[in-house]
Amino acid sequence: MRHLSVPSAQTQHWLERCRSEKWLAEHTGVTSLSDGNKAIPLNQTAPPEGDAAWDGNALVDLAAKGKTPSHWTEHLSPEILKSHKDDLPKAYETQGDVLIVKIEESVWHLAELIADAMLTQLPSIRLICADLGVHGDFRVRNLEPLASRDGSTETVTRIKENGYFLWVDASKVYFSARLSNERTETLESAKKLKQRLARPLIVADPYAGVGPSMGALLSEPDLIEGYHAGDLNPDAVELLQTNLTFLGNRRKTEVGEPAPAPAPSTVICADATQWKTHSHLCNSSDLLLVNLPHDSVEHLPHLLPLLRRGQISLLRGWAIIERVNEASEKQKIAAAIIDAGGTIESLEFEEVKGFSASKSFMCFEAWVVLAVESLSS
Ligand SMILES: C[S@@+](CC[C@H](N)C(=O)[O-])C[C@H]1O[C@@H](n2cnc3c(N)ncnc32)[C@H](O)[C@@H]1O
């Protein structure tokens, strides 16, 4: 089996890289080599020897390590497995090298053993945290560190989504990898808007979190002229600023040359409903994202003034609503647009599947033209 031979100190870095690129072979582990290097097992999709992706590191052929456990529960004792099988975690979430898991009360006394078993099984994970539920105004997760590979309990980590990197911190800022398809859809709609306007776009993302939607948009060559992004949570704004600076500095044009920095490049820590009180933010954006799912529809009247008037513009948002209210909520979105002086070219209101059985997680997309305000109004 092909292995990547790397200096021991770089093992974590290369494990993470191979994991995020999906090049890691499964059901086997890292082998120590006689020259002090570590050998990381690769699957068939990994690039060949000499590829630039390997940064000069060699590939070596080694027998795969004997069959290793294929599931973390196999590292628990048979007694524990027998008596607690039904209560052990069935799923977990990873954000970069941090793993977040809900632990039932009935097996809480085994939490550290469970975490150690997970660390043993999952070489690219550094920290295991118990998820104690969401708390506070910003609905961030209360995390309790259970086990750490290197002693650090730092929850800031970097993830790769659709090809771009983002710094995240599950203990301080909301982020959900499950919405990455929505970001891809946002990108597709933004490309259509660019075509219609025949120029790059200005985007407003006032509930940006760490900036995953901006990641998708800024990574597309020649799509974005500039942005106004923000969040009410100061911790989110700190990561947002870091992510946007990183994304902005690495932009390329369609022909692969360095692209100019986005302008404007506003990052604001403020209540989104107050953005309309800043004249430079009003009538300024071609694309508006509204992602505060419990309040998106209620907030709309405060946000629509951010869209540029007298042209086609695009509103995309997400809302969690009672199933029975789908028609009335759609009506509320339409009414907010009309009250803002808008003409609706199209309004889609569709469920994003797989979120909740009791409520609907909806995406709305409206193509609108807001009338130019008369001087007297
Ligand atoms: C559901 S999260 C979406 C974050 C991000 N757009 C994403 O997709 O990961 C909503 C975000 O809105 C922020 N938020 C809550 N109330 C806000 C307000 N009134 N104004 C601006 N941001 C707010 C929260 O801190 C949170 O980061």
# chains A, B, ... in the order shown; residues from 1 in each chain; ligands from 1
call {"tool": "closest_atom_pairs", "arguments": {"of": "chain A", "to": "ligand 1", "cutoff": "10 Å", "atoms": "only C-alpha atoms and all ligand atoms", "output": "JSON lines"}}
result
{"residue": "A:Gly136", "atom": "CA", "partner": "ligand 1", "partner_atom_place_in_ligand_line": "25 (O)", "distance": 9.9}
{"residue": "A:Asp137", "atom": "CA", "partner": "ligand 1", "partner_atom_place_in_ligand_line": "15 (C)", "distance": 7.2}
{"residue": "A:Phe138", "atom": "CA", "partner": "ligand 1", "partner_atom_place_in_ligand_line": "25 (O)", "distance": 4.5}
{"residue": "A:Arg139", "atom": "CA", "partner": "ligand 1", "partner_atom_place_in_ligand_line": "24 (C)", "distance": 7.4}
{"residue": "A:Val140", "atom": "CA", "partner": "ligand 1", "partner_atom_place_in_ligand_line": "25 (O)", "distance": 8.1}
{"residue": "A:Val168", "atom": "CA", "partner": "ligand 1", "partner_atom_place_in_ligand_line": "9 (O)", "distance": 9.6}
{"residue": "A:Lys172", "atom": "CA", "partner": "ligand 1", "partner_atom_place_in_ligand_line": "25 (O)", "distance": 9.1}
{"residue": "A:Val173", "atom": "CA", "partner": "ligand 1", "partner_atom_place_in_ligand_line": "27 (O)", "distance": 6.0}
{"residue": "A:Tyr174", "atom": "CA", "partner": "ligand 1", "partner_atom_place_in_ligand_line": "27 (O)", "distance": 5.2}
{"residue": "A:Phe175", "atom": "CA", "partner": "ligand 1", "partner_atom_place_in_ligand_line": "9 (O)", "distance": 4.2}
{"residue": "A:Ser176", "atom": "CA", "partner": "ligand 1", "partner_atom_place_in_ligand_line": "9 (O)", "distance": 5.7}
{"residue": "A:Ala177", "atom": "CA", "partner": "ligand 1", "partner_atom_place_in_ligand_line": "9 (O)", "distance": 8.0}
{"residue": "A:Arg178", "atom": "CA", "partner": "ligand 1", "partner_atom_place_in_ligand_line": "8 (O)", "distance": 9.5}
{"residue": "A:Leu179", "atom": "CA", "partner": "ligand 1", "partner_atom_place_in_ligand_line": "8 (O)", "distance": 6.8}
{"residue": "A:Ser180", "atom": "CA", "partner": "ligand 1", "partner_atom_place_in_ligand_line": "8 (O)", "distance": 8.3}
{"residue": "A:Glu182", "atom": "CA", "partner": "ligand 1", "partner_atom_place_in_ligand_line": "8 (O)", "distance": 8.8}
{"residue": "A:Arg183", "atom": "CA", "partner": "ligand 1", "partner_atom_place_in_ligand_line": "8 (O)", "distance": 8.0}
{"residue": "A:Asp205", "atom": "CA", "partner": "ligand 1", "partner_atom_place_in_ligand_line": "6 (N)", "distance": 7.3}
{"residue": "A:Pro206", "atom": "CA", "partner": "ligand 1", "partner_atom_place_in_ligand_line": "21 (C)", "distance": 5.7}
{"residue": "A:Tyr207", "atom": "CA", "partner": "ligand 1", "partner_atom_place_in_ligand_line": "12 (O)", "distance": 4.0}
{"residue": "A:Ala208", "atom": "CA", "partner": "ligand 1", "partner_atom_place_in_ligand_line": "6 (N)", "distance": 3.9}
{"residue": "A:Gly209", "atom": "CA", "partner": "ligand 1", "partner_atom_place_in_ligand_line": "27 (O)", "distance": 3.6}
{"residue": "A:Val210", "atom": "CA", "partner": "ligand 1", "partner_atom_place_in_ligand_line": "9 (O)", "distance": 6.3}
{"residue": "A:Gly211", "atom": "CA", "partner": "ligand 1", "partner_atom_place_in_ligand_line": "5 (C)", "distance": 6.1}
{"residue": "A:Pro212", "atom": "CA", "partner": "ligand 1", "partner_atom_place_in_ligand_line": "9 (O)", "distance": 5.7}
{"residue": "A:Ser213", "atom": "CA", "partner": "ligand 1", "partner_atom_place_in_ligand_line": "8 (O)", "distance": 6.3}
{"residue": "A:Met214", "atom": "CA", "partner": "ligand 1", "partner_atom_place_in_ligand_line": "6 (N)", "distance": 8.8}
{"residue": "A:Ala229", "atom": "CA", "partner": "ligand 1", "partner_atom_place_in_ligand_line": "21 (C)", "distance": 9.5}
{"residue": "A:Gly230", "atom": "CA", "partner": "ligand 1", "partner_atom_place_in_ligand_line": "21 (C)", "distance": 6.6}
{"residue": "A:Asp231", "atom": "CA", "partner": "ligand 1", "partner_atom_place_in_ligand_line": "22 (N)", "distance": 3.8}
{"residue": "A:Leu232", "atom": "CA", "partner": "ligand 1", "partner_atom_place_in_ligand_line": "22 (N)", "distance": 4.0}
{"residue": "A:Asn233", "atom": "CA", "partner": "ligand 1", "partner_atom_place_in_ligand_line": "25 (O)", "distance": 4.5}
{"residue": "A:Pro234", "atom": "CA", "partner": "ligand 1", "partner_atom_place_in_ligand_line": "25 (O)", "distance": 8.1}
{"residue": "A:Asp235", "atom": "CA", "partner": "ligand 1", "partner_atom_place_in_ligand_line": "25 (O)", "distance": 8.5}
{"residue": "A:Ala236", "atom": "CA", "partner": "ligand 1", "partner_atom_place_in_ligand_line": "27 (O)", "distance": 6.1}
{"residue": "A:Val237", "atom": "CA", "partner": "ligand 1", "partner_atom_place_in_ligand_line": "27 (O)", "distance": 8.6}
{"residue": "A:Leu240", "atom": "CA", "partner": "ligand 1", "partner_atom_place_in_ligand_line": "27 (O)", "distance": 9.8}
{"residue": "A:Ile268", "atom": "CA", "partner": "ligand 1", "partner_atom_place_in_ligand_line": "21 (C)", "distance": 9.0}
{"residue": "A:Cys269", "atom": "CA", "partner": "ligand 1", "partner_atom_place_in_ligand_line": "21 (C)", "distance": 7.5}
{"residue": "A:Ala270", "atom": "CA", "partner": "ligand 1", "partner_atom_place_in_ligand_line": "21 (C)", "distance": 5.9}
{"residue": "A:Asp271", "atom": "CA", "partner": "ligand 1", "partner_atom_place_in_ligand_line": "20 (N)", "distance": 3.6}
{"residue": "A:Ala272", "atom": "CA", "partner": "ligand 1", "partner_atom_place_in_ligand_line": "20 (N)", "distance": 3.8}
{"residue": "A:Thr273", "atom": "CA", "partner": "ligand 1", "partner_atom_place_in_ligand_line": "19 (N)", "distance": 6.2}
{"residue": "A:Gln274", "atom": "CA", "partner": "ligand 1", "partner_atom_place_in_ligand_line": "20 (N)", "distance": 8.2}
{"residue": "A:Trp275", "atom": "CA", "partner": "ligand 1", "partner_atom_place_in_ligand_line": "20 (N)", "distance": 9.0}
{"residue": "A:Leu289", "atom": "CA", "partner": "ligand 1", "partner_atom_place_in_ligand_line": "6 (N)", "distance": 8.0}
{"residue": "A:Val290", "atom": "CA", "partner": "ligand 1", "partner_atom_place_in_ligand_line": "6 (N)", "distance": 7.7}
{"residue": "A:Asn291", "atom": "CA", "partner": "ligand 1", "partner_atom_place_in_ligand_line": "3 (C)", "distance": 5.1}
{"residue": "A:Leu292", "atom": "CA", "partner": "ligand 1", "partner_atom_place_in_ligand_line": "10 (C)", "distance": 4.6}
{"residue": "A:Pro293", "atom": "CA", "partner": "ligand 1", "partner_atom_place_in_ligand_line": "1 (C)", "distance": 6.0}
{"residue": "A:His294", "atom": "CA", "partner": "ligand 1", "partner_atom_place_in_ligand_line": "1 (C)", "distance": 8.4}
{"residue": "A:Asp295", "atom": "CA", "partner": "ligand 1", "partner_atom_place_in_ligand_line": "16 (N)", "distance": 8.5}
{"residue": "A:Ser296", "atom": "CA", "partner": "ligand 1", "partner_atom_place_in_ligand_line": "10 (C)", "distance": 9.5}
{"residue": "A:His299", "atom": "CA", "partner": "ligand 1", "partner_atom_place_in_ligand_line": "19 (N)", "distance": 8.5}
{"residue": "A:Gly317", "atom": "CA", "partner": "ligand 1", "partner_atom_place_in_ligand_line": "6 (N)", "distance": 9.7}
{"residue": "A:Trp318", "atom": "CA", "partner": "ligand 1", "partner_atom_place_in_ligand_line": "1 (C)", "distance": 8.6}
{"residue": "A:Ala319", "atom": "CA", "partner": "ligand 1", "partner_atom_place_in_ligand_line": "1 (C)", "distance": 9.4}
call {"tool": "select_by_dssp", "arguments": {"residues": "stretch 12-200 of chain A", "states": "helix (DSSP H, G or I)", "output": "NGL selection string"}}
result
:A and (12-21 or 52-54 or 72-75 or 78-87 or 105-121 or 177-197)
call {"tool": "residues_around", "arguments": {"residues": "A:Gly342", "least_positions_apart": "2", "cutoff": "7 Å", "atoms": "only C-alpha atoms", "output": "list in words"}}
result
Ile337, Ile338, Asp339, Ala340, Ile344, Val368, Val369, Leu370 and Ala371 of chain A
call {"tool": "write_last_selection", "arguments": {"atoms": "C-alpha atoms", "output": "PDB file, in the first residue's frame"}}
result
ATOM      1  CA  ILE A 337     -40.804  43.381  -0.421  1.00  0.00           C
ATOM      2  CA  ILE A 338     -43.840  45.260  -1.719  1.00  0.00           C
ATOM      3  CA  ASP A 339     -43.861  47.547   1.357  1.00  0.00           C
ATOM      4  CA  ALA A 340     -40.205  48.374   0.642  1.00  0.00           C
ATOM      5  CA  ILE A 344     -41.254  40.803  -7.349  1.00  0.00           C
ATOM      6  CA  VAL A 368     -36.782  41.920  -7.017  1.00  0.00           C
ATOM      7  CA  VAL A 369     -36.565  45.471  -8.315  1.00  0.00           C
ATOM      8  CA  LEU A 370     -36.876  48.138  -5.605  1.00  0.00           C
ATOM      9  CA  ALA A 371     -38.199  51.453  -6.890  1.00  0.00           C
TER      10      ALA A 371
END
call {"tool": "residues_around", "arguments": {"residues": "A:Leu287", "least_positions_apart": "2", "cutoff": "10 Å", "atoms": "only C-alpha atoms", "output": "PyMOL selection string"}}
result
chain A and resi 186+189-190+193-194+201-205+227+284-285+289+306-308+312-316+367
call {"tool": "write_last_selection", "arguments": {"atoms": "N, CA and C atoms", "output": "PDB file, in the first residue's frame"}}
result
ATOM      1  N   THR A 186     -26.270  29.435  -3.192  1.00  0.00           N
ATOM      2  CA  THR A 186     -26.107  30.905  -3.167  1.00  0.00           C
ATOM      3  C   THR A 186     -25.122  31.332  -4.251  1.00  0.00           C
ATOM      4  N   SER A 189     -26.782  31.186  -7.706  1.00  0.00           N
ATOM      5  CA  SER A 189     -27.701  32.308  -7.936  1.00  0.00           C
ATOM      6  C   SER A 189     -26.930  33.608  -8.121  1.00  0.00           C
ATOM      7  N   ALA A 190     -25.836  33.770  -7.354  1.00  0.00           N
ATOM      8  CA  ALA A 190     -25.025  34.991  -7.476  1.00  0.00           C
ATOM      9  C   ALA A 190     -24.422  35.092  -8.882  1.00  0.00           C
ATOM     10  N   LEU A 193     -26.989  36.422 -11.139  1.00  0.00           N
ATOM     11  CA  LEU A 193     -27.199  37.860 -10.934  1.00  0.00           C
ATOM     12  C   LEU A 193     -26.075  38.655 -11.600  1.00  0.00           C
ATOM     13  N   LYS A 194     -24.855  38.159 -11.481  1.00  0.00           N
ATOM     14  CA  LYS A 194     -23.730  38.857 -12.118  1.00  0.00           C
ATOM     15  C   LYS A 194     -23.950  38.940 -13.633  1.00  0.00           C
ATOM     16  N   LEU A 201     -20.479  41.857  -8.215  1.00  0.00           N
ATOM     17  CA  LEU A 201     -21.536  42.210  -7.268  1.00  0.00           C
ATOM     18  C   LEU A 201     -21.000  42.796  -5.965  1.00  0.00           C
ATOM     19  N   ILE A 202     -21.871  43.565  -5.313  1.00  0.00           N
ATOM     20  CA  ILE A 202     -21.659  43.939  -3.905  1.00  0.00           C
ATOM     21  C   ILE A 202     -22.649  43.081  -3.095  1.00  0.00           C
ATOM     22  N   VAL A 203     -22.137  42.436  -2.047  1.00  0.00           N
ATOM     23  CA  VAL A 203     -22.956  41.530  -1.234  1.00  0.00           C
ATOM     24  C   VAL A 203     -23.124  42.087   0.166  1.00  0.00           C
ATOM     25  N   ALA A 204     -24.328  41.930   0.720  1.00  0.00           N
ATOM     26  CA  ALA A 204     -24.544  42.227   2.147  1.00  0.00           C
ATOM     27  C   ALA A 204     -24.850  40.920   2.855  1.00  0.00           C
ATOM     28  N   ASP A 205     -24.050  40.616   3.898  1.00  0.00           N
ATOM     29  CA  ASP A 205     -24.256  39.386   4.686  1.00  0.00           C
ATOM     30  C   ASP A 205     -24.252  39.787   6.163  1.00  0.00           C
ATOM     31  N   TYR A 227     -17.994  43.820  -0.301  1.00  0.00           N
ATOM     32  CA  TYR A 227     -18.996  43.264   0.609  1.00  0.00           C
ATOM     33  C   TYR A 227     -19.190  44.144   1.843  1.00  0.00           C
ATOM     34  N   SER A 284     -27.118  49.855  -1.310  1.00  0.00           N
ATOM     35  CA  SER A 284     -25.713  49.624  -1.666  1.00  0.00           C
ATOM     36  C   SER A 284     -25.402  48.227  -2.192  1.00  0.00           C
ATOM     37  N   SER A 285     -26.292  47.241  -1.962  1.00  0.00           N
ATOM     38  CA  SER A 285     -25.897  45.857  -2.272  1.00  0.00           C
ATOM     39  C   SER A 285     -26.791  45.241  -3.342  1.00  0.00           C
ATOM     40  N   LEU A 289     -28.120  38.519   1.946  1.00  0.00           N
ATOM     41  CA  LEU A 289     -28.307  37.219   2.590  1.00  0.00           C
ATOM     42  C   LEU A 289     -28.895  37.437   3.979  1.00  0.00           C
ATOM     43  N   LEU A 306     -31.202  47.817   2.371  1.00  0.00           N
ATOM     44  CA  LEU A 306     -29.779  47.646   2.016  1.00  0.00           C
ATOM     45  C   LEU A 306     -29.608  47.350   0.526  1.00  0.00           C
ATOM     46  N   LEU A 307     -30.675  46.822  -0.113  1.00  0.00           N
ATOM     47  CA  LEU A 307     -30.572  46.461  -1.538  1.00  0.00           C
ATOM     48  C   LEU A 307     -30.535  47.710  -2.416  1.00  0.00           C
ATOM     49  N   ARG A 308     -29.794  47.563  -3.508  1.00  0.00           N
ATOM     50  CA  ARG A 308     -29.650  48.684  -4.425  1.00  0.00           C
ATOM     51  C   ARG A 308     -30.948  48.874  -5.212  1.00  0.00           C
ATOM     52  N   ILE A 312     -32.334  45.013 -10.981  1.00  0.00           N
ATOM     53  CA  ILE A 312     -32.663  43.683 -10.456  1.00  0.00           C
ATOM     54  C   ILE A 312     -31.701  43.371  -9.302  1.00  0.00           C
ATOM     55  N   SER A 313     -32.239  42.869  -8.226  1.00  0.00           N
ATOM     56  CA  SER A 313     -31.373  42.467  -7.111  1.00  0.00           C
ATOM     57  C   SER A 313     -31.927  41.177  -6.516  1.00  0.00           C
ATOM     58  N   LEU A 314     -31.114  40.577  -5.665  1.00  0.00           N
ATOM     59  CA  LEU A 314     -31.431  39.216  -5.205  1.00  0.00           C
ATOM     60  C   LEU A 314     -31.408  39.149  -3.687  1.00  0.00           C
ATOM     61  N   LEU A 315     -32.491  38.552  -3.155  1.00  0.00           N
ATOM     62  CA  LEU A 315     -32.598  38.326  -1.714  1.00  0.00           C
ATOM     63  C   LEU A 315     -32.611  36.828  -1.491  1.00  0.00           C
ATOM     64  N   ARG A 316     -31.678  36.326  -0.646  1.00  0.00           N
ATOM     65  CA  ARG A 316     -31.730  34.904  -0.266  1.00  0.00           C
ATOM     66  C   ARG A 316     -31.723  34.816   1.249  1.00  0.00           C
ATOM     67  N   TRP A 367     -36.162  37.464  -6.540  1.00  0.00           N
ATOM     68  CA  TRP A 367     -35.543  38.380  -7.506  1.00  0.00           C
ATOM     69  C   TRP A 367     -36.461  39.594  -7.551  1.00  0.00           C
TER      70      TRP A 367
END
call {"tool": "select_by_dssp", "arguments": {"residues": "stretch 86-213 of chain A", "states": "strand (DSSP E)", "output": "MDAnalysis selection string"}}
result
chainID A and resid 93:95 98:101 127:135 140:148 156:161 164:169 201:205
call {"tool": "write_last_selection", "arguments": {"atoms": "C-alpha atoms", "output": "compact mmCIF listing (two decimals), in the first residue's frame"}}
result
# COMPACT_ATOMS: atom_id res chain seq x y z
CA GLU A 93 -19.81 16.06 14.31
CA THR A 94 -16.31 17.15 13.40
CA GLN A 95 -15.13 20.70 12.84
CA VAL A 98 -12.34 19.03 16.97
CA LEU A 99 -14.96 16.32 17.46
CA ILE A 100 -18.27 17.23 19.14
CA VAL A 101 -20.47 14.49 20.57
CA LEU A 127 -9.83 17.31 20.82
CA ILE A 128 -13.04 15.55 21.86
CA CYS A 129 -15.77 17.74 23.40
CA ALA A 130 -19.13 16.87 24.90
CA ASP A 131 -21.97 18.95 23.49
CA LEU A 132 -24.03 20.21 26.45
CA GLY A 133 -26.55 22.08 24.27
CA VAL A 134 -26.88 25.65 22.99
CA HIS A 135 -26.86 28.68 25.28
CA VAL A 140 -23.59 28.81 20.62
CA ARG A 141 -22.77 25.41 21.98
CA ASN A 142 -21.71 24.74 25.53
CA LEU A 143 -18.74 22.40 25.04
CA GLU A 144 -16.93 20.41 27.70
CA PRO A 145 -13.49 19.10 26.69
CA LEU A 146 -13.23 15.37 27.44
CA ALA A 147 -9.90 14.29 25.94
CA SER A 148 -7.08 15.98 24.04
CA VAL A 156 -10.54 27.27 17.49
CA THR A 157 -9.78 25.18 14.42
CA ARG A 158 -9.72 25.46 10.64
CA ILE A 159 -12.07 23.62 8.31
CA LYS A 160 -12.11 23.23 4.56
CA GLU A 161 -15.44 23.58 2.81
CA TYR A 164 -11.89 27.23 0.81
CA PHE A 165 -10.59 27.41 4.39
CA LEU A 166 -12.43 28.94 7.35
CA TRP A 167 -11.44 29.42 10.98
CA VAL A 168 -14.27 28.29 13.25
CA ASP A 169 -14.83 27.95 17.00
CA LEU A 201 -21.54 42.21 -7.27
CA ILE A 202 -21.66 43.94 -3.91
CA VAL A 203 -22.96 41.53 -1.23
CA ALA A 204 -24.54 42.23 2.15
CA ASP A 205 -24.26 39.39 4.69
call {"tool": "atom_distance", "arguments": {"atom1": "atom CA of A:Glu105", "atom2": "atom CA of A:Ser70"}}
result
25.8 Å
